[in-house]
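Enquirer: Dropping in input37.cif, with mmCIF, C-alpha atoms and all ligand atoms.
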```cif
data_input
loop_
_atom_site.group_PDB
_atom_site.id
_atom_site.type_symbol
_atom_site.label_atom_id
_atom_site.label_comp_id
_atom_site.auth_asym_id
_atom_site.auth_seq_id
_atom_site.Cartn_x
_atom_site.Cartn_y
_atom_site.Cartn_z
ATOM 1 C CA MET A 11 -25.425 10.119 -4.048
ATOM 2 C CA ARG A 12 -22.344 12.097 -5.083
ATOM 3 C CA ILE A 13 -19.735 9.598 -6.148
ATOM 4 C CA THR A 14 -16.011 10.174 -6.528
ATOM 5 C CA ILE A 15 -13.847 7.566 -8.173
ATOM 6 C CA VAL A 16 -10.230 7.656 -7.053
ATOM 7 C CA GLY A 17 -7.875 6.436 -9.790
ATOM 8 C CA PRO A 18 -8.737 6.593 -13.499
ATOM 9 C CA GLY A 19 -7.311 3.172 -14.384
ATOM 10 C CA ALA A 20 -9.292 0.529 -16.241
ATOM 11 C CA LEU A 21 -11.835 -0.137 -13.486
ATOM 12 C CA GLY A 22 -12.094 3.518 -12.460
ATOM 13 C CA CYS A 23 -12.799 4.606 -16.042
ATOM 14 C CA LEU A 24 -15.294 1.774 -16.567
ATOM 15 C CA LEU A 25 -17.256 2.754 -13.447
ATOM 16 C CA ALA A 26 -17.090 6.449 -14.353
ATOM 17 C CA ALA A 27 -18.435 5.752 -17.841
ATOM 18 C CA LEU A 28 -21.222 3.452 -16.650
ATOM 19 C CA PHE A 29 -22.358 5.863 -13.918
ATOM 20 C CA SER A 30 -22.201 8.787 -16.312
ATOM 21 C CA LYS A 31 -24.194 6.745 -18.881
ATOM 22 C CA ALA A 32 -26.838 6.181 -16.173
ATOM 23 C CA GLY A 33 -27.122 9.954 -15.708
ATOM 24 C CA HIS A 34 -25.010 10.453 -12.574
ATOM 25 C CA GLN A 35 -22.539 13.236 -12.078
ATOM 26 C CA VAL A 36 -19.239 11.449 -11.538
ATOM 27 C CA SER A 37 -15.992 12.914 -10.328
ATOM 28 C CA LEU A 38 -12.628 11.289 -10.941
ATOM 29 C CA LEU A 39 -9.731 12.092 -8.639
ATOM 30 C CA ASP A 40 -6.333 11.553 -10.235
ATOM 31 C CA HIS A 41 -2.780 12.238 -9.074
ATOM 32 C CA GLN A 42 -1.523 13.132 -12.572
ATOM 33 C CA VAL A 43 -2.304 16.710 -13.578
ATOM 34 C CA SER A 44 -2.048 16.209 -17.358
ATOM 35 C CA ARG A 45 -4.220 13.076 -17.379
ATOM 36 C CA ALA A 46 -6.859 14.713 -15.152
ATOM 37 C CA ALA A 47 -6.953 17.693 -17.536
ATOM 38 C CA LEU A 48 -7.358 15.349 -20.519
ATOM 39 C CA LEU A 49 -10.227 13.402 -18.919
ATOM 40 C CA ASP A 50 -11.938 16.568 -17.742
ATOM 41 C CA ARG A 51 -11.781 17.984 -21.273
ATOM 42 C CA LYS A 52 -12.509 14.863 -23.310
ATOM 43 C CA GLY A 53 -14.484 12.607 -20.957
ATOM 44 C CA VAL A 54 -14.168 8.822 -20.780
ATOM 45 C CA CYS A 55 -14.621 6.737 -23.915
ATOM 46 C CA LEU A 56 -16.302 3.374 -23.345
ATOM 47 C CA VAL A 57 -15.608 0.756 -26.004
ATOM 48 C CA GLU A 58 -18.126 -2.106 -26.150
ATOM 49 C CA GLY A 59 -17.525 -4.392 -29.130
ATOM 50 C CA SER A 60 -17.402 -2.052 -32.120
ATOM 51 C CA ARG A 61 -19.319 0.723 -30.309
ATOM 52 C CA ARG A 62 -17.504 3.717 -28.829
ATOM 53 C CA GLN A 63 -19.284 6.263 -26.700
ATOM 54 C CA VAL A 64 -17.823 9.205 -24.822
ATOM 55 C CA TYR A 65 -19.179 10.168 -21.386
ATOM 56 C CA ALA A 66 -18.545 13.451 -19.603
ATOM 57 C CA VAL A 67 -16.787 13.288 -16.231
ATOM 58 C CA ARG A 68 -15.363 15.847 -13.849
ATOM 59 C CA ALA A 69 -11.689 14.985 -13.407
ATOM 60 C CA THR A 70 -9.236 16.767 -11.140
ATOM 61 C CA THR A 71 -6.189 16.301 -8.924
ATOM 62 C CA LYS A 72 -7.605 18.711 -6.340
ATOM 63 C CA PRO A 73 -9.857 17.170 -3.674
ATOM 64 C CA ALA A 74 -11.161 20.656 -2.791
ATOM 65 C CA ALA A 75 -12.714 20.912 -6.262
ATOM 66 C CA ILE A 76 -14.963 17.912 -5.590
ATOM 67 C CA ALA A 77 -15.867 18.436 -1.950
ATOM 68 C CA GLY A 78 -19.102 16.901 -0.688
ATOM 69 C CA SER A 79 -18.657 13.363 -2.044
ATOM 70 C CA GLU A 80 -20.864 10.849 -0.271
ATOM 71 C CA ALA A 81 -19.061 7.774 -1.578
ATOM 72 C CA LEU A 82 -15.397 7.431 -2.533
ATOM 73 C CA LEU A 83 -14.619 4.405 -4.694
ATOM 74 C CA LEU A 84 -10.924 3.610 -4.340
ATOM 75 C CA CYS A 85 -9.923 2.129 -7.704
ATOM 76 C CA VAL A 86 -6.153 2.372 -7.369
ATOM 77 C CA LYS A 87 -3.817 -0.618 -7.103
ATOM 78 C CA SER A 88 -3.315 -2.337 -3.762
ATOM 79 C CA ALA A 89 0.157 -0.781 -3.355
ATOM 80 C CA ASP A 90 -1.199 2.713 -4.062
ATOM 81 C CA VAL A 91 -3.926 2.676 -1.401
ATOM 82 C CA ILE A 92 -1.684 4.391 1.122
ATOM 83 C CA ASN A 93 -0.997 7.319 -1.253
ATOM 84 C CA ALA A 94 -4.644 7.484 -2.319
ATOM 85 C CA LEU A 95 -5.725 7.779 1.327
ATOM 86 C CA ALA A 96 -3.257 10.622 1.803
ATOM 87 C CA GLN A 97 -4.482 12.424 -1.330
ATOM 88 C CA THR A 98 -8.144 12.010 -0.409
ATOM 89 C CA ALA A 99 -7.641 12.994 3.254
ATOM 90 C CA PRO A 100 -9.542 16.319 2.817
ATOM 91 C CA LEU A 101 -12.503 14.397 1.344
ATOM 92 C CA ILE A 102 -12.281 11.617 3.942
ATOM 93 C CA LYS A 103 -12.589 14.257 6.688
ATOM 94 C CA GLU A 104 -16.114 14.925 5.396
ATOM 95 C CA GLY A 105 -17.094 11.376 6.438
ATOM 96 C CA PRO A 106 -18.044 9.726 3.128
ATOM 97 C CA LEU A 107 -18.371 5.988 2.717
ATOM 98 C CA LEU A 108 -15.051 4.679 1.441
ATOM 99 C CA VAL A 109 -15.201 1.618 -0.794
ATOM 100 C CA SER A 110 -12.024 -0.293 -1.526
ATOM 101 C CA MET A 111 -12.053 -2.149 -4.857
ATOM 102 C CA GLN A 112 -8.520 -3.582 -5.082
ATOM 103 C CA ASN A 113 -7.339 -7.032 -6.067
ATOM 104 C CA GLY A 114 -5.162 -8.801 -3.502
ATOM 105 C CA LEU A 115 -4.851 -8.465 0.265
ATOM 106 C CA ARG A 116 -1.973 -6.147 1.088
ATOM 107 C CA HIS A 117 -4.097 -3.005 1.393
ATOM 108 C CA LEU A 118 -6.398 -4.487 4.053
ATOM 109 C CA PRO A 119 -4.198 -3.755 7.095
ATOM 110 C CA ILE A 120 -3.669 -0.217 5.751
ATOM 111 C CA LEU A 121 -7.419 0.366 5.597
ATOM 112 C CA GLN A 122 -7.863 -1.199 9.013
ATOM 113 C CA ASP A 123 -5.257 1.144 10.521
ATOM 114 C CA SER A 124 -5.800 4.379 8.660
ATOM 115 C CA ALA A 125 -8.964 4.577 6.531
ATOM 116 C CA GLY A 126 -10.212 7.550 8.563
ATOM 117 C CA ALA A 127 -13.845 7.042 7.477
ATOM 118 C CA PRO A 128 -16.398 4.200 7.397
ATOM 119 C CA TRP A 129 -15.145 1.762 4.779
ATOM 120 C CA ALA A 130 -16.412 -1.229 2.889
ATOM 121 C CA LEU A 131 -14.850 -3.712 0.494
ATOM 122 C CA ALA A 132 -15.990 -4.455 -3.023
ATOM 123 C CA VAL A 133 -14.963 -7.380 -5.169
ATOM 124 C CA THR A 134 -15.825 -7.204 -8.821
ATOM 125 C CA ALA A 135 -15.744 -9.721 -11.642
ATOM 126 C CA MET A 136 -16.194 -7.035 -14.307
ATOM 127 C CA GLY A 137 -13.426 -7.028 -16.896
ATOM 128 C CA ALA A 138 -11.966 -3.761 -18.185
ATOM 129 C CA THR A 139 -8.920 -2.943 -20.290
ATOM 130 C CA LEU A 140 -7.511 0.548 -20.564
ATOM 131 C CA ALA A 141 -6.484 1.186 -24.182
ATOM 132 C CA THR A 142 -5.094 4.679 -23.596
ATOM 133 C CA PRO A 143 -5.797 7.163 -20.773
ATOM 134 C CA GLY A 144 -9.573 7.596 -20.614
ATOM 135 C CA VAL A 145 -10.351 4.946 -23.240
ATOM 136 C CA VAL A 146 -11.640 1.749 -21.658
ATOM 137 C CA ARG A 147 -12.763 -1.494 -23.264
ATOM 138 C CA PHE A 148 -15.506 -3.379 -21.411
ATOM 139 C CA GLY A 149 -14.107 -6.904 -21.078
ATOM 140 C CA GLY A 150 -17.119 -8.753 -19.712
ATOM 141 C CA ALA A 151 -19.913 -8.064 -17.239
ATOM 142 C CA GLY A 152 -19.669 -9.727 -13.833
ATOM 143 C CA PHE A 153 -21.142 -9.492 -10.346
ATOM 144 C CA THR A 154 -19.801 -7.056 -7.750
ATOM 145 C CA HIS A 155 -19.954 -8.085 -4.075
ATOM 146 C CA PHE A 156 -19.914 -5.401 -1.384
ATOM 147 C CA GLY A 157 -19.582 -5.827 2.357
ATOM 148 C CA PHE A 158 -18.029 -4.835 5.635
ATOM 149 C CA LEU A 159 -15.105 -6.804 7.041
ATOM 150 C CA LYS A 160 -15.176 -6.165 10.780
ATOM 151 C CA GLN A 161 -16.456 -2.608 10.713
ATOM 152 C CA ALA A 162 -19.969 -1.522 11.664
ATOM 153 C CA ALA A 163 -22.431 -1.612 8.759
ATOM 154 C CA ASP A 164 -23.252 1.729 7.108
ATOM 155 C CA GLU A 165 -26.616 2.144 5.406
ATOM 156 C CA ARG A 166 -25.098 4.145 2.531
ATOM 157 C CA LEU A 167 -23.705 0.890 1.160
ATOM 158 C CA ALA A 168 -27.219 -0.318 0.265
ATOM 159 C CA VAL A 169 -27.828 2.956 -1.614
ATOM 160 C CA LEU A 170 -24.582 2.526 -3.528
ATOM 161 C CA VAL A 171 -25.448 -1.073 -4.423
ATOM 162 C CA GLU A 172 -28.808 0.120 -5.761
ATOM 163 C CA LEU A 173 -26.996 2.679 -7.900
ATOM 164 C CA PHE A 174 -24.706 -0.006 -9.297
ATOM 165 C CA ASN A 175 -27.689 -2.141 -10.268
ATOM 166 C CA ALA A 176 -29.586 0.829 -11.710
ATOM 167 C CA ALA A 177 -26.500 1.600 -13.823
ATOM 168 C CA GLY A 178 -26.579 -1.954 -15.222
ATOM 169 C CA MET A 179 -23.826 -3.379 -12.999
ATOM 170 C CA ARG A 180 -25.073 -6.430 -11.121
ATOM 171 C CA ALA A 181 -24.185 -6.028 -7.469
ATOM 172 C CA GLY A 182 -25.219 -7.095 -3.974
ATOM 173 C CA ILE A 183 -24.192 -7.019 -0.325
ATOM 174 C CA SER A 184 -22.359 -10.144 0.752
ATOM 175 C CA PRO A 185 -22.792 -11.465 4.313
ATOM 176 C CA ASP A 186 -19.203 -12.802 4.162
ATOM 177 C CA ILE A 187 -17.128 -10.317 2.191
ATOM 178 C CA GLU A 188 -13.885 -11.918 3.391
ATOM 179 C CA ALA A 189 -14.870 -15.135 1.609
ATOM 180 C CA ALA A 190 -15.762 -13.095 -1.504
ATOM 181 C CA VAL A 191 -12.356 -11.364 -1.335
ATOM 182 C CA TRP A 192 -10.650 -14.758 -1.173
ATOM 183 C CA ASP A 193 -12.824 -16.211 -3.955
ATOM 184 C CA LYS A 194 -11.628 -13.372 -6.178
ATOM 185 C CA LEU A 195 -8.054 -13.614 -4.879
ATOM 186 C CA LEU A 196 -7.908 -17.273 -5.904
ATOM 187 C CA ILE A 197 -9.021 -16.314 -9.411
ATOM 188 C CA ASN A 198 -6.385 -13.591 -9.599
ATOM 189 C CA VAL A 199 -3.794 -16.070 -8.271
ATOM 190 C CA GLY A 200 -4.640 -18.417 -11.141
ATOM 191 C CA VAL A 201 -5.070 -15.915 -13.976
ATOM 192 C CA ASN A 202 -3.085 -12.717 -13.576
ATOM 193 C CA ALA A 203 0.529 -13.850 -13.228
ATOM 194 C CA LEU A 204 0.150 -16.470 -15.968
ATOM 195 C CA THR A 205 -1.279 -13.958 -18.443
ATOM 196 C CA ALA A 206 1.686 -11.694 -17.684
ATOM 197 C CA ILE A 207 4.156 -14.568 -18.162
ATOM 198 C CA TYR A 208 2.569 -15.896 -21.371
ATOM 199 C CA ASP A 209 1.730 -12.353 -22.556
ATOM 200 C CA CYS A 210 -1.776 -13.405 -23.574
ATOM 201 C CA PRO A 211 -5.440 -12.593 -22.968
ATOM 202 C CA ASN A 212 -7.219 -14.544 -20.208
ATOM 203 C CA GLY A 213 -8.930 -17.009 -22.572
ATOM 204 C CA LYS A 214 -5.670 -18.082 -24.236
ATOM 205 C CA LEU A 215 -4.526 -19.756 -21.000
ATOM 206 C CA LEU A 216 -7.237 -22.381 -21.523
ATOM 207 C CA ALA A 217 -5.499 -23.601 -24.670
ATOM 208 C CA LEU A 218 -2.072 -23.957 -23.006
ATOM 209 C CA PRO A 219 -1.900 -27.284 -21.093
ATOM 210 C CA LYS A 220 1.223 -26.276 -19.132
ATOM 211 C CA ALA A 221 -0.337 -22.971 -18.094
ATOM 212 C CA ARG A 222 -3.570 -24.727 -17.077
ATOM 213 C CA GLU A 223 -1.646 -27.139 -14.876
ATOM 214 C CA THR A 224 0.327 -24.307 -13.239
ATOM 215 C CA MET A 225 -2.955 -22.450 -12.729
ATOM 216 C CA ARG A 226 -4.465 -25.500 -11.022
ATOM 217 C CA GLN A 227 -1.485 -25.881 -8.678
ATOM 218 C CA ALA A 228 -1.308 -22.161 -7.838
ATOM 219 C CA VAL A 229 -5.032 -21.991 -7.044
ATOM 220 C CA LEU A 230 -4.903 -25.147 -4.901
ATOM 221 C CA GLU A 231 -1.945 -23.777 -2.909
ATOM 222 C CA ALA A 232 -3.948 -20.599 -2.270
ATOM 223 C CA ALA A 233 -7.068 -22.607 -1.372
ATOM 224 C CA ALA A 234 -5.023 -24.521 1.239
ATOM 225 C CA VAL A 235 -3.980 -21.195 2.786
ATOM 226 C CA ALA A 236 -7.614 -19.995 2.804
ATOM 227 C CA GLU A 237 -8.656 -23.195 4.516
ATOM 228 C CA ALA A 238 -5.878 -22.851 7.124
ATOM 229 C CA ARG A 239 -7.148 -19.322 7.867
ATOM 230 C CA GLY A 240 -10.706 -20.603 8.266
ATOM 231 C CA ILE A 241 -12.037 -18.693 5.227
ATOM 232 C CA LYS A 242 -15.169 -20.250 3.756
ATOM 233 C CA ILE A 243 -14.258 -20.030 0.072
ATOM 234 C CA SER A 244 -16.756 -21.292 -2.533
ATOM 235 C CA PRO A 245 -16.357 -24.861 -3.798
ATOM 236 C CA ASP A 246 -14.286 -25.755 -6.850
ATOM 237 C CA PRO A 247 -11.906 -22.761 -7.025
ATOM 238 C CA VAL A 248 -10.049 -24.252 -10.010
ATOM 239 C CA GLY A 249 -13.303 -24.704 -11.969
ATOM 240 C CA ARG A 250 -14.328 -21.147 -11.112
ATOM 241 C CA THR A 251 -10.962 -19.802 -12.282
ATOM 242 C CA LEU A 252 -11.322 -21.613 -15.603
ATOM 243 C CA ALA A 253 -14.880 -20.242 -15.898
ATOM 244 C CA VAL A 254 -13.595 -16.664 -15.403
ATOM 245 C CA CYS A 255 -10.983 -17.263 -18.140
ATOM 246 C CA ARG A 256 -13.839 -18.285 -20.445
ATOM 247 C CA ALA A 257 -16.137 -15.396 -19.430
ATOM 248 C CA THR A 258 -13.358 -12.796 -19.856
ATOM 249 C CA ALA A 259 -11.562 -14.593 -22.706
ATOM 250 C CA GLY A 260 -10.663 -11.451 -24.656
ATOM 251 C CA ASN A 261 -9.684 -9.442 -21.584
ATOM 252 C CA ILE A 262 -6.108 -8.396 -20.940
ATOM 253 C CA SER A 263 -5.694 -8.987 -17.198
ATOM 254 C CA SER A 264 -4.842 -6.024 -15.007
ATOM 255 C CA MET A 265 -1.384 -7.530 -14.377
ATOM 256 C CA LEU A 266 -0.597 -7.919 -18.055
ATOM 257 C CA GLN A 267 -1.828 -4.347 -18.646
ATOM 258 C CA ASP A 268 0.601 -3.187 -15.939
ATOM 259 C CA VAL A 269 3.506 -5.150 -17.430
ATOM 260 C CA ARG A 270 2.808 -3.833 -20.926
ATOM 261 C CA GLN A 271 2.639 -0.262 -19.638
ATOM 262 C CA GLY A 272 5.921 -0.675 -17.720
ATOM 263 C CA ARG A 273 4.149 -0.151 -14.367
ATOM 264 C CA GLY A 274 4.653 -2.128 -11.154
ATOM 265 C CA THR A 275 2.241 -5.050 -10.808
ATOM 266 C CA GLU A 276 0.083 -6.410 -7.988
ATOM 267 C CA VAL A 277 1.904 -9.767 -7.987
ATOM 268 C CA GLU A 278 3.176 -9.249 -4.445
ATOM 269 C CA ALA A 279 -0.337 -8.430 -3.194
ATOM 270 C CA ILE A 280 -1.702 -11.555 -4.930
ATOM 271 C CA ASN A 281 0.676 -14.531 -5.412
ATOM 272 C CA GLY A 282 3.303 -13.010 -3.107
ATOM 273 C CA GLU A 283 0.751 -12.657 -0.329
ATOM 274 C CA ILE A 284 -0.155 -16.342 -0.669
ATOM 275 C CA VAL A 285 3.549 -17.218 -0.284
ATOM 276 C CA ARG A 286 3.827 -14.991 2.799
ATOM 277 C CA LEU A 287 0.679 -16.365 4.452
ATOM 278 C CA ALA A 288 1.497 -19.969 3.501
ATOM 279 C CA ALA A 289 4.798 -19.639 5.373
ATOM 280 C CA THR A 290 2.948 -18.642 8.553
ATOM 281 C CA PHE A 291 1.086 -21.981 8.411
ATOM 282 C CA ASN A 292 4.072 -24.028 7.179
ATOM 283 C CA ILE A 293 2.183 -24.736 3.963
ATOM 284 C CA PRO A 294 4.367 -25.129 0.853
ATOM 285 C CA ALA A 295 3.600 -22.641 -1.928
ATOM 286 C CA PRO A 296 6.395 -23.203 -4.497
ATOM 287 C CA VAL A 297 4.207 -22.486 -7.519
ATOM 288 C CA ASN A 298 3.089 -19.097 -6.210
ATOM 289 C CA GLU A 299 6.688 -18.358 -5.259
ATOM 290 C CA ARG A 300 7.833 -19.114 -8.804
ATOM 291 C CA LEU A 301 5.010 -17.061 -10.360
ATOM 292 C CA THR A 302 5.847 -14.111 -8.103
ATOM 293 C CA SER A 303 9.516 -14.089 -8.999
ATOM 294 C CA LEU A 304 8.872 -14.602 -12.727
ATOM 295 C CA VAL A 305 6.484 -11.639 -12.852
ATOM 296 C CA LEU A 306 8.833 -9.471 -10.795
ATOM 297 C CA ASN A 307 11.628 -10.276 -13.265
ATOM 298 C CA ILE A 308 9.435 -9.572 -16.279
ATOM 299 C CA SER A 309 8.212 -6.257 -14.959
ATOM 300 C CA THR A 310 11.719 -5.185 -13.946
ATOM 301 C CA SER A 311 13.104 -5.934 -17.397
ATOM 302 C CA ARG A 312 10.084 -4.338 -19.180
ATOM 303 C CA SER A 313 10.311 -1.154 -17.137
ATOM 304 C CA GLY A 314 14.055 -1.036 -17.791
ATOM 305 C CA GLY A 315 14.736 -1.050 -14.057
HETATM 306 O O1 LIG B 401 -7.366 -8.447 -12.525
HETATM 307 C C1 LIG B 401 -8.072 -8.747 -13.500
HETATM 308 O O2 LIG B 401 -7.724 -8.583 -14.661
HETATM 309 C C2 LIG B 401 -9.456 -9.283 -13.226
HETATM 310 O O3 LIG B 401 -9.597 -9.372 -11.827
HETATM 311 C C3 LIG B 401 -9.828 -10.620 -13.876
HETATM 312 C C4 LIG B 401 -11.103 -11.124 -13.233
HETATM 313 C C5 LIG B 401 -8.722 -11.641 -13.732
HETATM 314 C C6 LIG B 401 -10.189 -10.433 -15.320
HETATM 315 O O4 LIG B 401 -9.130 -10.036 -16.124
#
```
Before we go any further, please render this structure as structure tokens.
Ligand code: PAF
Expert:
Amino acid sequence: MRITIVGPGALGCLLAALFSKAGHQVSLLDHQVSRAALLDRKGVCLVEGSRRQVYAVRATTKPAAIAGSEALLLCVKSADVINALAQTAPLIKEGPLLVSMQNGLRHLPILQDSAGAPWALAVTAMGATLATPGVVRFGGAGFTHFGFLKQAADERLAVLVELFNAAGMRAGISPDIEAAVWDKLLINVGVNALTAIYDCPNGKLLALPKARETMRQAVLEAAAVAEARGIKISPDPVGRTLAVCRATAGNISSMLQDVRQGRGTEVEAINGEIVRLAATFNIPAPVNERLTSLVLNISTSRSGG
């Protein structure tokens, strides 16, 4: 299967390195010419503990250069999905399987309206931190769930899942991907904004009683919204969030990475989306509201905007 990864951020680089390590030819589609040139020349460096290994990838900003992809893994941020779909339009026309790997919920209506190809969702618990462009630190292995939301099933998804497993990434097809999306969303609700606010790795939150309490309240607000929407989330979302903090203790969350790099964050697609949905059910969500505005303020002042 010819795989193209769209977006060489932390997750995109991790997947590219692990597929390349397993012997696959991987293409990375970027929107930044200089970064694509760098990755194409130097490859992706995977840092695991004290080990560093460089893997060759084909990186480009030109979809025509990587025509014939059978699977497109969309690894951009939720807010960038719309631009990524526009950039990949020439590849999408070829009818590949599109797999959306974002945190949050805001990109889902965009995919529903304008994916232009069969698409699936993936939810991963793998941790990855981008040190510099093309240099990614593996922050903890975790399961990746794949599935179709309302769309017809496509048999290429099973092939892709096999490739993930063969490349050492535990993965499977979930019969209820919406529940898996929400399970992950609740974890992101509890972890990401707080790591950005406290400027700390995931595991540090466990040692901060005030942060733990805020985490508990934020996750329970989100769980109430899930319940109101009829989503069958897994039991004990707070316990699972704490477990992810432990399993990815040294990881710098994607939101904190964004804040540190002066980029926009996914807070509106995560905590902000809980606030928006809670309002439609008249459910109070003051903790998620506060987390959203704190992160928006932090990222505005860090980016100088
Ligand atoms: O967004 C992230 O950083 C990750 O989803 C997670 C699981 C919180 C680990 O850092």
Enquirer: What residues have an atom no more than 12 Å from (-1.5, -21.6, -18.4) in the file's own frame, counting all atoms listed in the file, and can you write them as a PyMOL selection string?
Expert: chain A and resi 199-229+251-252+255+301
Enquirer: With a cut-off of 7 Å, could you pull out the residues of chain A touching ligand LIG 401 (chain B) and give me the nearest pair of atoms for each, distance in Å to one decimal, using only C-alpha atoms and all ligand atoms, ordered by chain and ascending number, as JSON lines?
Expert:
```
{"residue": "A:Asn113", "atom": "CA", "partner": "B:LIG401", "partner_atom": "O1", "distance": 6.6}
{"residue": "A:Ala135", "atom": "CA", "partner": "B:LIG401", "partner_atom": "C4", "distance": 5.1}
{"residue": "A:Met136", "atom": "CA", "partner": "B:LIG401", "partner_atom": "C4", "distance": 6.6}
{"residue": "A:Gly137", "atom": "CA", "partner": "B:LIG401", "partner_atom": "C6", "distance": 5.0}
{"residue": "A:Ile197", "atom": "CA", "partner": "B:LIG401", "partner_atom": "C5", "distance": 6.4}
{"residue": "A:Asn198", "atom": "CA", "partner": "B:LIG401", "partner_atom": "C5", "distance": 5.1}
{"residue": "A:Val201", "atom": "CA", "partner": "B:LIG401", "partner_atom": "C5", "distance": 5.6}
{"residue": "A:Asn202", "atom": "CA", "partner": "B:LIG401", "partner_atom": "C5", "distance": 5.7}
{"residue": "A:Asn212", "atom": "CA", "partner": "B:LIG401", "partner_atom": "O4", "distance": 6.4}
{"residue": "A:Val254", "atom": "CA", "partner": "B:LIG401", "partner_atom": "C4", "distance": 6.5}
{"residue": "A:Thr258", "atom": "CA", "partner": "B:LIG401", "partner_atom": "C6", "distance": 6.0}
{"residue": "A:Asn261", "atom": "CA", "partner": "B:LIG401", "partner_atom": "O4", "distance": 5.5}
{"residue": "A:Ile262", "atom": "CA", "partner": "B:LIG401", "partner_atom": "O4", "distance": 5.9}
{"residue": "A:Ser263", "atom": "CA", "partner": "B:LIG401", "partner_atom": "O2", "distance": 3.3}
{"residue": "A:Ser264", "atom": "CA", "partner": "B:LIG401", "partner_atom": "O2", "distance": 3.9}
{"residue": "A:Met265", "atom": "CA", "partner": "B:LIG401", "partner_atom": "O1", "distance": 6.3}
```
Enquirer: Expanded to explicit residues, what is the PyMOL selection byres (((chain A and resi 17) around 6) and not hetatm) for this file, as a PDB file with C-alpha atoms, in the frame of the given file?
Expert:
```pdb
ATOM      1  CA  VAL A  16     -10.230   7.656  -7.053  1.00  0.00           C
ATOM      2  CA  PRO A  18      -8.737   6.593 -13.499  1.00  0.00           C
ATOM      3  CA  GLY A  19      -7.311   3.172 -14.384  1.00  0.00           C
ATOM      4  CA  GLY A  22     -12.094   3.518 -12.460  1.00  0.00           C
ATOM      5  CA  ASP A  40      -6.333  11.553 -10.235  1.00  0.00           C
ATOM      6  CA  CYS A  85      -9.923   2.129  -7.704  1.00  0.00           C
ATOM      7  CA  VAL A  86      -6.153   2.372  -7.369  1.00  0.00           C
TER       8      VAL A  86
END
```
Enquirer: Name the residues that the PyMOL selection byres (((chain A and resi 141-143) around 8) and not hetatm) picks from the file above, as a count of residues only, using the file's chain letters and numbers.
Expert: 10
Enquirer: Smallest atom-to-atom distance to Thr275 in chain A: which of A:Ala253, A:Leu25, A:Ala89, A:Leu170, using all atoms listed in the file?
Expert: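 For Thr275 in chain A, the nearest of the candidates is A:Ala89.
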